[in-house]
Amino acid sequence: MTRLTRADLDALPNYVPGRNPADLARELGLPEAIKLASNEVPYGPLPGVVEALAEAATSFHRYPDMGVIALRETLADRLGVPVDRVATGCGSVALAEHLSRAACLPGDEILYSWRSFEAYPIISATTGATSVRVPNTPSHEHDLPAMAAAITPRTRLVLVCNPNNPTGTSVRRADLDAFLDEVPEDVLVVIDEAYREFVTDPQVPDGLAAYGDRPNVVVLRTLSKAWGLAGLRVGYLVAAPEVAAAVRKVVTPFSTSAAAQAAALAALRAEEEMRRRCDLVIAERERVTTAIRKLVVGAGAGAAAPAPAAEPEASADVPDSQANFVWLPLGDRSVPFAQACEGQGVIVRPFPGEGVRVTIGTPAENDAFLAAADAALVR
Ligand SMILES: Cc1ncc(COP(=O)(O)O)c(C=O)c1O
């Protein structure tokens, strides 16, 4: 049959969404399953969002404001930047793609740490750019000196995921300062701060406060996570005015929908409640991290579930997370572990051969995960 699409896409992994809990519940004959696989916050839409959507719905037969003026002005106001530095998009993942389209021509290089956000290779490939991946350090962090050394004259875009998805690790101020000083001024550095609201380590910089004055730095954020709007698809970036203008030029027209604009404005008015919910998530993150470390140590030491001889001891290796998930570097045990959790009605996200990412849910959901993990680890 005549080939109608690019052959190189065959080698590209698909983006893997979290499994639908209703399907799993049906399969297991349970009233419900728990989804801890997509880094969502479990507490429902923020107050005012549903009402704002209902009000906006009367105009859904009209196109939305393509300039996204009210939302961009509100964001600019909150962030203390001029509105021409702000662009919005259909989720921050779309903005990352628009940035690559705005910065790269086929054959140019996009540099990022790996393992990191699974959309980066897809974004690079669809732009026709070449992915340059620098392996994480043994402690699952970005290797910034190695990334600086990997910059070539073809590098147009560098993605720094802070905190990093899926490992939860983050880069600190002094290291990022040194890195940015080494990046040529004609290379864009995107600091992807999808999980910024969950950061508690004062050494992890707020990209905008720390680097907002650098013209080649772009700060990417989302309302999908802490702000509870994953289903509505709205993200934003702050960049130099000409970079933001270039992004707005390549953006798919009207891709910040009327619903997304209305909901985002309402969510941003509920900042106090957002903060309260993030604090709950952060407290649970610490509890789950401590508990899972103990479980992994127990399982690693126990006769029932010996780690393969070549595999490093995973216990101490569960890194501190600054996001709303934790990373279990279980290596070859990742897929069986995730399958065993699913068998208990808890959906987590395995990365075959590497690890398992577990989103922090409500205390009850986390307890269910820990019980499932306990069972999974002593098999
Ligand atoms: C690091 C990172 N960046 C960006 C995104 C995309 O978020 P959204 O497109 O929902 O704004 C995600 C989502 O998981 C992420 O983990």
# chains A, B, ... in the order shown; residues from 1 in each chain; ligands from 1

$ residues_near_ligand --ligand "ligand 1" --cutoff "7 Å" --atoms "only C-alpha atoms and all ligand atoms" --output "list in words"
Ser38, Asn39, Cys90, Gly91, Ser92, Val93, Ala94, Phe117, Cys161, Asn164, Asn165, Asp192, Glu193, Ala194, Arg221, Thr222, Leu223, Ser224, Ala230, Arg233, Val234 and Gly235 of chain A

$ write_last_selection --atoms "N, CA and C atoms" --output "tab-separated table (two decimals), in the first residue's frame"
chain	number	residue	atom	x	y	z
A	38	SER	N	-1.85	9.86	36.41
A	38	SER	CA	-1.75	11.01	35.47
A	38	SER	C	-1.43	12.32	36.16
A	39	ASN	N	-0.99	12.26	37.41
A	39	ASN	CA	-0.55	13.46	38.12
A	39	ASN	C	-1.62	14.54	38.24
A	90	CYS	N	-3.47	25.14	24.42
A	90	CYS	CA	-4.31	24.00	24.75
A	90	CYS	C	-3.48	23.02	25.60
A	91	GLY	N	-3.24	23.44	26.83
A	91	GLY	CA	-2.33	22.70	27.72
A	91	GLY	C	-0.91	23.18	27.47
A	92	SER	N	-0.06	23.02	28.48
A	92	SER	CA	1.32	23.47	28.30
A	92	SER	C	2.06	22.56	27.33
A	93	VAL	N	1.57	21.33	27.16
A	93	VAL	CA	2.22	20.44	26.20
A	93	VAL	C	2.10	21.01	24.79
A	94	ALA	N	0.96	21.61	24.48
A	94	ALA	CA	0.80	22.24	23.16
A	94	ALA	C	1.75	23.43	23.03
A	117	PHE	N	9.78	14.10	30.67
A	117	PHE	CA	8.38	14.08	30.22
A	117	PHE	C	8.28	13.40	28.86
A	161	CYS	N	13.11	20.24	32.83
A	161	CYS	CA	11.84	19.90	33.47
A	161	CYS	C	12.03	19.99	34.98
A	164	ASN	N	11.17	17.34	37.71
A	164	ASN	CA	11.17	16.45	36.56
A	164	ASN	C	10.07	15.40	36.65
A	165	ASN	N	9.33	15.28	35.55
A	165	ASN	CA	8.39	14.17	35.40
A	165	ASN	C	9.13	13.08	34.61
A	192	ASP	N	10.29	23.96	32.24
A	192	ASP	CA	8.93	23.41	32.29
A	192	ASP	C	8.56	23.24	33.76
A	193	GLU	N	7.71	24.12	34.23
A	193	GLU	CA	7.33	24.12	35.65
A	193	GLU	C	5.87	23.68	35.86
A	194	ALA	N	5.53	22.56	35.21
A	194	ALA	CA	4.15	22.06	35.34
A	194	ALA	C	3.78	21.79	36.80
A	221	ARG	N	4.09	26.87	32.25
A	221	ARG	CA	3.28	26.39	33.39
A	221	ARG	C	1.91	25.91	32.91
A	222	THR	N	1.19	25.29	33.80
A	222	THR	CA	-0.10	24.72	33.42
A	222	THR	C	-1.14	24.92	34.51
A	223	LEU	N	-2.39	24.91	34.08
A	223	LEU	CA	-3.48	24.90	35.06
A	223	LEU	C	-4.05	23.48	35.22
A	224	SER	N	-3.36	22.51	34.62
A	224	SER	CA	-3.86	21.12	34.67
A	224	SER	C	-3.65	20.45	36.01
A	230	ALA	N	-7.16	19.81	34.34
A	230	ALA	CA	-6.55	18.92	33.33
A	230	ALA	C	-7.49	18.66	32.16
A	233	ARG	N	-7.71	21.74	29.46
A	233	ARG	CA	-6.57	21.99	28.60
A	233	ARG	C	-6.22	23.47	28.53
A	234	VAL	N	-5.53	23.94	29.55
A	234	VAL	CA	-5.03	25.32	29.48
A	234	VAL	C	-3.69	25.44	30.19
A	235	GLY	N	-2.74	25.93	29.42
A	235	GLY	CA	-1.41	26.18	29.95
A	235	GLY	C	-0.97	27.57	29.52

$ select_by_dssp --residues "region 230-358 of chain A" --states "helix (DSSP H, G or I)" --output "ChimeraX atom specification"
/A:241-250,258-269,271-301,331-343

$ select_by_dssp --residues "region 74-294 of chain A" --states "strand (DSSP E or B)" --output "PDB file with N, CA and C atoms, in the first residue's frame"
ATOM      1  N   VAL A  86       3.097  37.014  27.647  1.00  0.00           N
ATOM      2  CA  VAL A  86       2.318  35.824  28.021  1.00  0.00           C
ATOM      3  C   VAL A  86       1.640  35.222  26.788  1.00  0.00           C
ATOM      4  N   ALA A  87       1.716  33.907  26.657  1.00  0.00           N
ATOM      5  CA  ALA A  87       0.926  33.194  25.637  1.00  0.00           C
ATOM      6  C   ALA A  87       0.230  32.028  26.323  1.00  0.00           C
ATOM      7  N   THR A  88      -0.957  31.700  25.850  1.00  0.00           N
ATOM      8  CA  THR A  88      -1.674  30.548  26.416  1.00  0.00           C
ATOM      9  C   THR A  88      -1.845  29.495  25.319  1.00  0.00           C
ATOM     10  N   GLY A  89      -2.161  28.290  25.737  1.00  0.00           N
ATOM     11  CA  GLY A  89      -2.357  27.229  24.749  1.00  0.00           C
ATOM     12  C   GLY A  89      -3.205  26.111  25.298  1.00  0.00           C
ATOM     13  N   GLU A 109      18.411  20.740  16.691  1.00  0.00           N
ATOM     14  CA  GLU A 109      18.413  19.831  17.835  1.00  0.00           C
ATOM     15  C   GLU A 109      17.628  20.395  19.022  1.00  0.00           C
ATOM     16  N   ILE A 110      16.881  19.502  19.655  1.00  0.00           N
ATOM     17  CA  ILE A 110      16.198  19.817  20.920  1.00  0.00           C
ATOM     18  C   ILE A 110      16.840  18.929  21.983  1.00  0.00           C
ATOM     19  N   LEU A 111      17.326  19.576  23.008  1.00  0.00           N
ATOM     20  CA  LEU A 111      18.120  18.886  24.029  1.00  0.00           C
ATOM     21  C   LEU A 111      17.311  18.769  25.318  1.00  0.00           C
ATOM     22  N   TYR A 112      17.322  17.580  25.898  1.00  0.00           N
ATOM     23  CA  TYR A 112      16.638  17.419  27.188  1.00  0.00           C
ATOM     24  C   TYR A 112      17.235  16.242  27.939  1.00  0.00           C
ATOM     25  N   SER A 113      16.935  16.223  29.227  1.00  0.00           N
ATOM     26  CA  SER A 113      17.365  15.155  30.100  1.00  0.00           C
ATOM     27  C   SER A 113      16.459  13.942  29.872  1.00  0.00           C
ATOM     28  N   TRP A 114      16.970  12.765  30.137  1.00  0.00           N
ATOM     29  CA  TRP A 114      16.142  11.554  29.942  1.00  0.00           C
ATOM     30  C   TRP A 114      16.532  10.518  30.976  1.00  0.00           C
ATOM     31  N   THR A 130      15.869  17.015  15.818  1.00  0.00           N
ATOM     32  CA  THR A 130      16.532  15.821  16.340  1.00  0.00           C
ATOM     33  C   THR A 130      16.550  15.900  17.861  1.00  0.00           C
ATOM     34  N   SER A 131      16.110  14.828  18.509  1.00  0.00           N
ATOM     35  CA  SER A 131      16.173  14.754  19.974  1.00  0.00           C
ATOM     36  C   SER A 131      17.587  14.456  20.415  1.00  0.00           C
ATOM     37  N   VAL A 132      18.103  15.232  21.333  1.00  0.00           N
ATOM     38  CA  VAL A 132      19.386  14.895  21.957  1.00  0.00           C
ATOM     39  C   VAL A 132      19.090  14.691  23.439  1.00  0.00           C
ATOM     40  N   ARG A 133      19.260  13.452  23.886  1.00  0.00           N
ATOM     41  CA  ARG A 133      18.893  13.109  25.269  1.00  0.00           C
ATOM     42  C   ARG A 133      20.140  12.906  26.107  1.00  0.00           C
ATOM     43  N   VAL A 134      20.169  13.555  27.235  1.00  0.00           N
ATOM     44  CA  VAL A 134      21.297  13.393  28.158  1.00  0.00           C
ATOM     45  C   VAL A 134      20.785  12.574  29.352  1.00  0.00           C
ATOM     46  N   PRO A 135      21.415  11.416  29.616  1.00  0.00           N
ATOM     47  CA  PRO A 135      20.885  10.563  30.698  1.00  0.00           C
ATOM     48  C   PRO A 135      20.880  11.274  32.045  1.00  0.00           C
ATOM     49  N   THR A 155      21.809  23.168  18.204  1.00  0.00           N
ATOM     50  CA  THR A 155      20.833  23.205  19.310  1.00  0.00           C
ATOM     51  C   THR A 155      20.033  24.506  19.245  1.00  0.00           C
ATOM     52  N   ARG A 156      18.710  24.361  19.232  1.00  0.00           N
ATOM     53  CA  ARG A 156      17.848  25.551  19.214  1.00  0.00           C
ATOM     54  C   ARG A 156      17.011  25.665  20.483  1.00  0.00           C
ATOM     55  N   LEU A 157      16.765  24.510  21.102  1.00  0.00           N
ATOM     56  CA  LEU A 157      15.852  24.496  22.239  1.00  0.00           C
ATOM     57  C   LEU A 157      16.380  23.524  23.293  1.00  0.00           C
ATOM     58  N   VAL A 158      16.348  23.954  24.547  1.00  0.00           N
ATOM     59  CA  VAL A 158      16.708  23.062  25.653  1.00  0.00           C
ATOM     60  C   VAL A 158      15.503  23.014  26.586  1.00  0.00           C
ATOM     61  N   LEU A 159      15.124  21.793  26.983  1.00  0.00           N
ATOM     62  CA  LEU A 159      13.981  21.638  27.887  1.00  0.00           C
ATOM     63  C   LEU A 159      14.497  21.209  29.253  1.00  0.00           C
ATOM     64  N   VAL A 160      14.239  22.023  30.256  1.00  0.00           N
ATOM     65  CA  VAL A 160      14.625  21.686  31.633  1.00  0.00           C
ATOM     66  C   VAL A 160      13.320  21.468  32.393  1.00  0.00           C
ATOM     67  N   CYS A 161      13.111  20.238  32.825  1.00  0.00           N
ATOM     68  CA  CYS A 161      11.836  19.898  33.467  1.00  0.00           C
ATOM     69  C   CYS A 161      12.029  19.985  34.980  1.00  0.00           C
ATOM     70  N   LEU A 188      17.084  28.858  22.998  1.00  0.00           N
ATOM     71  CA  LEU A 188      15.990  29.027  23.965  1.00  0.00           C
ATOM     72  C   LEU A 188      16.063  27.938  25.032  1.00  0.00           C
ATOM     73  N   VAL A 189      15.898  28.328  26.273  1.00  0.00           N
ATOM     74  CA  VAL A 189      15.814  27.351  27.367  1.00  0.00           C
ATOM     75  C   VAL A 189      14.396  27.418  27.937  1.00  0.00           C
ATOM     76  N   VAL A 190      13.700  26.310  27.835  1.00  0.00           N
ATOM     77  CA  VAL A 190      12.353  26.241  28.388  1.00  0.00           C
ATOM     78  C   VAL A 190      12.429  25.589  29.763  1.00  0.00           C
ATOM     79  N   ILE A 191      12.024  26.305  30.788  1.00  0.00           N
ATOM     80  CA  ILE A 191      11.939  25.693  32.117  1.00  0.00           C
ATOM     81  C   ILE A 191      10.476  25.270  32.293  1.00  0.00           C
ATOM     82  N   ASP A 192      10.290  23.964  32.237  1.00  0.00           N
ATOM     83  CA  ASP A 192       8.932  23.413  32.290  1.00  0.00           C
ATOM     84  C   ASP A 192       8.558  23.237  33.757  1.00  0.00           C
ATOM     85  N   VAL A 217      15.164  32.690  28.139  1.00  0.00           N
ATOM     86  CA  VAL A 217      14.490  31.752  29.045  1.00  0.00           C
ATOM     87  C   VAL A 217      12.976  31.875  28.894  1.00  0.00           C
ATOM     88  N   VAL A 218      12.327  30.726  28.772  1.00  0.00           N
ATOM     89  CA  VAL A 218      10.863  30.661  28.713  1.00  0.00           C
ATOM     90  C   VAL A 218      10.395  29.839  29.905  1.00  0.00           C
ATOM     91  N   VAL A 219       9.416  30.334  30.616  1.00  0.00           N
ATOM     92  CA  VAL A 219       8.854  29.576  31.733  1.00  0.00           C
ATOM     93  C   VAL A 219       7.480  29.060  31.310  1.00  0.00           C
ATOM     94  N   LEU A 220       7.338  27.741  31.430  1.00  0.00           N
ATOM     95  CA  LEU A 220       6.128  27.062  30.966  1.00  0.00           C
ATOM     96  C   LEU A 220       5.363  26.537  32.177  1.00  0.00           C
ATOM     97  N   ARG A 221       4.089  26.867  32.250  1.00  0.00           N
ATOM     98  CA  ARG A 221       3.279  26.391  33.393  1.00  0.00           C
ATOM     99  C   ARG A 221       1.910  25.913  32.908  1.00  0.00           C
ATOM    100  N   THR A 222       1.191  25.286  33.803  1.00  0.00           N
ATOM    101  CA  THR A 222      -0.096  24.717  33.421  1.00  0.00           C
ATOM    102  C   THR A 222      -1.137  24.916  34.510  1.00  0.00           C
ATOM    103  N   GLY A 235      -2.739  25.930  29.421  1.00  0.00           N
ATOM    104  CA  GLY A 235      -1.406  26.182  29.953  1.00  0.00           C
ATOM    105  C   GLY A 235      -0.970  27.569  29.515  1.00  0.00           C
ATOM    106  N   TYR A 236       0.146  28.039  30.075  1.00  0.00           N
ATOM    107  CA  TYR A 236       0.648  29.352  29.662  1.00  0.00           C
ATOM    108  C   TYR A 236       2.166  29.380  29.723  1.00  0.00           C
ATOM    109  N   LEU A 237       2.711  30.354  29.031  1.00  0.00           N
ATOM    110  CA  LEU A 237       4.155  30.572  29.130  1.00  0.00           C
ATOM    111  C   LEU A 237       4.428  32.048  29.296  1.00  0.00           C
ATOM    112  N   VAL A 238       5.589  32.327  29.859  1.00  0.00           N
ATOM    113  CA  VAL A 238       6.091  33.697  29.947  1.00  0.00           C
ATOM    114  C   VAL A 238       7.449  33.698  29.267  1.00  0.00           C
TER     115      VAL A 238
END

$ closest_atom_pairs --of "region 179-296 of chain A" --to "region 70-84 of chain A" --cutoff "10 Å" --atoms "only C-alpha atoms" --output "tab-separated table"
residue	atom	partner	partner_atom	distance
A:Leu208	CA	A:Leu79	CA	8.2
A:Ala209	CA	A:Leu79	CA	8.9
A:Gly212	CA	A:Val81	CA	8.9
A:Tyr236	CA	A:Arg72	CA	8.5
A:Leu237	CA	A:Leu75	CA	9.7
A:Val238	CA	A:Val81	CA	8.2
A:Ala239	CA	A:Asp84	CA	8.8
A:Ala240	CA	A:Asp84	CA	8.3
A:Pro241	CA	A:Asp84	CA	5.4
A:Glu242	CA	A:Asp84	CA	8.5
A:Val243	CA	A:Asp84	CA	9.7
A:Ala244	CA	A:Asp84	CA	7.0
A:Ala245	CA	A:Asp84	CA	7.4
A:Thr256	CA	A:Leu71	CA	10.0
A:Ala260	CA	A:Leu71	CA	9.6
A:Gln261	CA	A:Leu71	CA	6.3
A:Ala262	CA	A:Leu71	CA	8.2
A:Ala263	CA	A:Leu71	CA	9.8
A:Ala264	CA	A:Leu71	CA	7.3
A:Leu265	CA	A:Leu71	CA	6.1
A:Ala266	CA	A:Leu71	CA	9.9
A:Leu268	CA	A:Thr74	CA	8.4
A:Arg269	CA	A:Thr74	CA	9.7

$ atom_distance --atom1 "CA of Ser334 (chain A)" --atom2 "CA of Pro138 (chain A)"
17.3 Å

$ atom_distance --atom1 "CA of Pro163 (chain A)" --atom2 "CA of Thr362 (chain A)"
21.0 Å

$ residues_around --residues "region 272-274 of chain A" --least-positions-apart "6" --cutoff "8 Å" --atoms "only C-alpha atoms" --output "number ranges by chain"
A: 46-47, 226-227

$ write_last_selection --atoms "C-alpha atoms" --output "PDB file, in the first residue's frame"
ATOM      1  CA  LEU A  46     -11.832  24.585  42.369  1.00  0.00           C
ATOM      2  CA  PRO A  47     -14.774  26.607  43.767  1.00  0.00           C
ATOM      3  CA  ALA A 226      -2.477  22.220  41.041  1.00  0.00           C
ATOM      4  CA  TRP A 227      -5.293  24.295  39.529  1.00  0.00           C
TER       5      TRP A 227
END

$ residues_around --residues "region 170-185 of chain A" --least-positions-apart "2" --cutoff "8 Å" --atoms "only C-alpha atoms" --output "MDAnalysis selection string"
chainID A and resid 141:142 144:145 148 151 161:164 168 187:188 203:205 215:216 321:322

$ closest_residue --among "A:His140, A:Arg196, A:Arg277, A:Arg293" --to "Arg115 (chain A)" --atoms "only C-alpha atoms"
A:His140

$ atom_distance --atom1 "CA of Pro363 (chain A)" --atom2 "CA of Leu377 (chain A)"
20.5 Å

$ closest_residue --among "A:Pro13, A:Gly48, A:Pro153, A:Pro21" --to "Ala270 (chain A)" --atoms "only C-alpha atoms"
A:Gly48

$ closest_residue --among "A:Ala323, A:Leu280, A:Leu105, A:Ile122" --to "Val358 (chain A)" --atoms "only C-alpha atoms"
A:Ala323

$ closest_residue --among "A:Gly343, A:Gly355, A:Gly298, A:Gly361" --to "Leu28 (chain A)" --atoms "only C-alpha atoms"
A:Gly343

$ closest_residue --among "A:Gly107, A:Pro350, A:Pro64, A:Pro202" --to "Leu330 (chain A)" --atoms "only C-alpha atoms"
A:Pro350
